[in-house]
Structures are given as C-alpha cells and as structure tokens.
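A short worksheet on the structure shown next.
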Amino acid sequence: MSDTTPTRPLPNPDEPDTAEFWRKTKDKVLGYQHCDDCGTVVFYPRRHCTGCLGSNLTWQASNGEGTLYSYSIIRQAYHPFFRTQVPFAVAWVDLDEGPRLLTNITGVEDPATLEIGQRVRVVWEEHEALNIPLFEPF
Amino acid sequence: MVSQAREAAIVGIHEYPSRDVEGRVSPLQIKAESAAAALADAGLALSDVDAIYDAGDGGGMSGLTIAEYFGLKPSVIDTTNVGGSSYEYHAAHAKRDIAAGKAKVALLTYGSTAHSNVQRIGAGGRAGGIHPADNMESFTGMTLIANYAMVAKRHMHEYGTTSEQLAEISVATRYHAMRNPEAVRAMEDLEFLDIRETTIADVIGSRMIADPLHLLECCMISDGGGAVVIASPEVAKNCAKPPVWILGSGEATRYPENGGDMTVSAAAQSGPQAFGEAGVSPAEMDIAMIYDSFSITVLALLEDLGFCAKGEGGAWVEGGRLRFDQAGGPALNTDGGGLSSNHPGMRGIFLLIEAARQLRGESTAQVPDARLAVAHGNGGMLGTRHCAGTVILARD
Ligand SMILES: [Zn+2]
C-alpha cells in the first residue's frame, strides 16, 4: 500500500472551452452560457453557440437546483480513487435553467434509494485550484 | 419487395478464429492474415484490390500504413473511424465508391489485441482534460458500463422495462453462441465460468456491475479481427461464393443535449435512411445483427430501428423471440454476439460477417432460407456521444 491517498482526477483548468466554467467554481458559481442572438442555452461550455455558431454568449449563474434525469450505482471501478468510492452514484442532472450535466450524487447513505425525477442541489467538493460540483437530494 | 439496384456485394469474409492470441501476433498481422483468408473466400487475389477501408487500428496514417503493409497501391483510401460502427460506414462507402466507378474490389480489415493488452475497456475511468466534454465529465468516474446503465435506468423509469426483459437479449445471444464452436472456444479461452446456455434467472442473478446492468449483460473483451471483401456486380458474378448485396445504408450521430431523450439513439436517424434506401421494412428482416456491447444497447437499437415502438422493446423481446429457431424473429446476433463470442473493441465488422454467413446459409445457427439482414453498428457510447451505421443486406 502506498501512503498517499488516491484523489479524485480533477479537470484541466486551462482547457480553452471550459476554463471559465472551472474558474467560476472557485467562487462556487455554477455557470452556463446563453446566446444573446438565438437564445440557445449552451452546455458544455464552448466559445461558440451550438444554435447559430455565433460568439455572442453571456455567462449566467445557475441557482444550483435541478432534477435527477438518470443515474447508476458503480460497483466496479479500476481507477485508484474511484475504487475507494464504490459503491457510488454517477448521475445526469437537469438544472432548472436547462443544462444537463454529469455529476456524482452525494449525501445519501444508500444510493439505491435514489429516484429519477427527485430534486437535487449542488454541493461543492473543495479543492485548491477549483471546486467540484456534486449534487445531493433535498 | 426487394427491387433495388445491385451496385455492390460482399463476396469474401473471414473472422479471425482466436480470441486470445497471448501476445503472439499483432493487430496488423491479424489484419493481413484475415485479408488473405477473405480474398481466398471470394476467389480473388490481392492484386484485384483497388480500394481499402480502415478504422485506424493499425496505427496512425492507417491508409498509408495498411497499403504498404499489405503491398497494395489502392486508388481509393477511406479511413473513417467511428469506433465500433466504422465497418458499417466502410461497407456503405465501398458501395458508394464502387457504384461511382472509382473502385471494383474493396478490402475492409480489423485487428485487435485488446484482451492481450489487458484493456479494461468497461470499468476504467476516462482520462480527461483534453476534449472539453471530457473535462466536464471525467471527474465523476463514470465507467463505460455506467454510461450504458444510465440509459437502461431511464428506460426502466419511462417505460417500465425490467431486468428480466433485458436478460432476454443475453439469453438469446448465449443460445446462439453455444452452437458456434469458435464462440465456445472464445469463452473457454477468456475463462468464462460455467459455459452453457443461460436462463433469465442466471443473468439477473449474476453480479451487478453498474445498476441496473449485471455481469452477463456486458460484452467480453477479446482479441480478434476479420476482413470483408466487397465487389462490383461484374466482379461478384465470377466470385467463389454467392453475393450478399448491400441494398441501403444510413449514418448518424447523437450526443448529450439539454432536455434530450437518452433512451433514443442515433439509430433513430440512420435506420429510416437505410431501410428507406433499401425499400424494405424492419418486419421483413430475417436476421438482426445489432451491436451488443450491453443488453440495453440492443433493446434501444431495436426500438430505434423500428422493429417496435420506442418503449415497447421490453415486451417485444419476451418469450425468446430473438432466437434463431423461434417464429416471429428476427434472429439476433446468431454468432453469439459481443456478449458471448467476439468483442475486441470495435465489433462492427463481425456484424457484416455473420449477416453474410446467414445470407449464404453458412451460420452455425442458420435461419432457414434467410433472405434479408440488417447490420447495425454503434460506435462510441450509447448514453453520451455515439455514431450509428446501418446497413441492409440481401441475397439474390
Ligand atoms: Zn446562438
């Protein structure tokens, strides 16, 4: 056994399209983009609009609440960190503002009690350079 | 009614027999050996080949690599790589190129040593940080199996689909595998436990990997490969085996969208294109070669291809309908599929190979007088971003 505890693989804060999203997480802001030309809600973040390919995008802050679209309980994983987490829930969450994001559900004793359609809200897992948006039922 | 122009046909096939090469051969060697065997099957020579199609499994700049490695100077080079669906695209493009007069004999090859490389395709986390989508998703530890499991979970939620219904797909596929000596040997070589026909209870009693998918709903990870030769009508009429005509094809993509329906795959777009071009309907299919990475993959794809309405797949597959010896049909993955015969990472070429076997009357789970088949490849991941390739095949 190594004496270093395996840690969650973190996003690259310098990836050009998503850097601003991750920068905002330092302030615990869950951001998404809105096209001022055609009204499309863009997610995952990009430099251009997926409705019109324009670049007139404005960042908005989600209220951090949404509904559970689907989930799975992972019982077998090979990554050193996630091996220590099994069983854990991975989920698609539909934010009230429209974006659908992939996350983990936390704050539940038994993930088998989760139900599609239930309300969830963001909880931030703190790291040095950025924070990770996880969700919990409420 | 089948009344379409016969513009190109599968005339040669080969499936590399070993699923565990123990590191003794390379993917390139598997491709070359399979090419030789498929050309021999067709009664053609290497010098007849004037077009190559490659998904990049032989390395970078694969069109050039393969041409030199095989000793070819082709005049058509197509290196479309859309994962496991690549070979359905290659077959469609070969037909298009032959019909356009650009080529007469097309060669498709595949080789992989995924098992020998101990690739844990299914339960590994993805390395993120390069593509923006990866950079938004890889922190979650979503495994490939969980990606598909979330489609199954949503399908169950929306339509009441059950694990017992999903298990029908695993059971039918294993039923076929037990009749295919190469599939049985594959399961032995890959150290499957208790190799036999399975029941629905066996499947839902197997270990849960990512809810709601059990071990026996997940494909194997094998070594393997194969080759397909496609030729013009003029060449086909002098080949050693009867032609298997390519009647129609469709291509499509699908990826996460806000508010999108995850239970619908790209097959909902590629299927109607392919059936429309072929002028036939799903109900006419004797054989359905459907990419079975997982049980839910087949269920969703059958619905999207139009065999039944969205959401009705669970009830539709009940009662052993997909077995080769069951009336009603179609017969599903009669070679044993990726679940129980062969899945080295990109299974699409085997869908074409087994469909051709059925239409020639050469399958180990032969449907009497099989006339029409659909081969549908799904490349990428069902629950997030994937490509679909649908090909409709017919015998004379
Ligand atoms: Zn726009």
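Chain identifiers are assigned as A, B, and so on, following the order in which chains appear in the structure tokens; residues are numbered from 1 within each chain, and ligands are numbered from 1 in order of appearance.
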Could you pull out all residues of chain A with a DSSP call of strand (DSSP E or B) and give them as a VMD selection string? chain A and resid 31 to 35 41 to 42 57 to 61 65 to 74 88 to 95 100 to 105 119 to 126 131 to 137
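A distance cut-off of 8 Å from ligand 1, applied to only C-alpha atoms and all ligand atoms, picks out the residues A:His34, A:Cys35, A:Asp36, A:Asp37, A:Cys38, A:Gly39, A:Thr40, A:His48, A:Cys49, A:Thr50, A:Gly51, A:Cys52, A:Leu53, A:Gly54, A:Ser55, A:Asn56, A:Leu57.
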Near chain A, meaning an atom within 10 Å, which residues of chain B appear when counting only C-alpha atoms? Write them as number ranges by chain. B: 120, 122-143, 145-155, 157-158, 207-213, 256-262
If we count only C-alpha atoms, what is near B:Asp223 at a cut-off of 8 Å, once residues fewer than 3 positions away on the same chain are taken out, given as a ChimeraX atom specification? /B:18-21,111-116,342-344
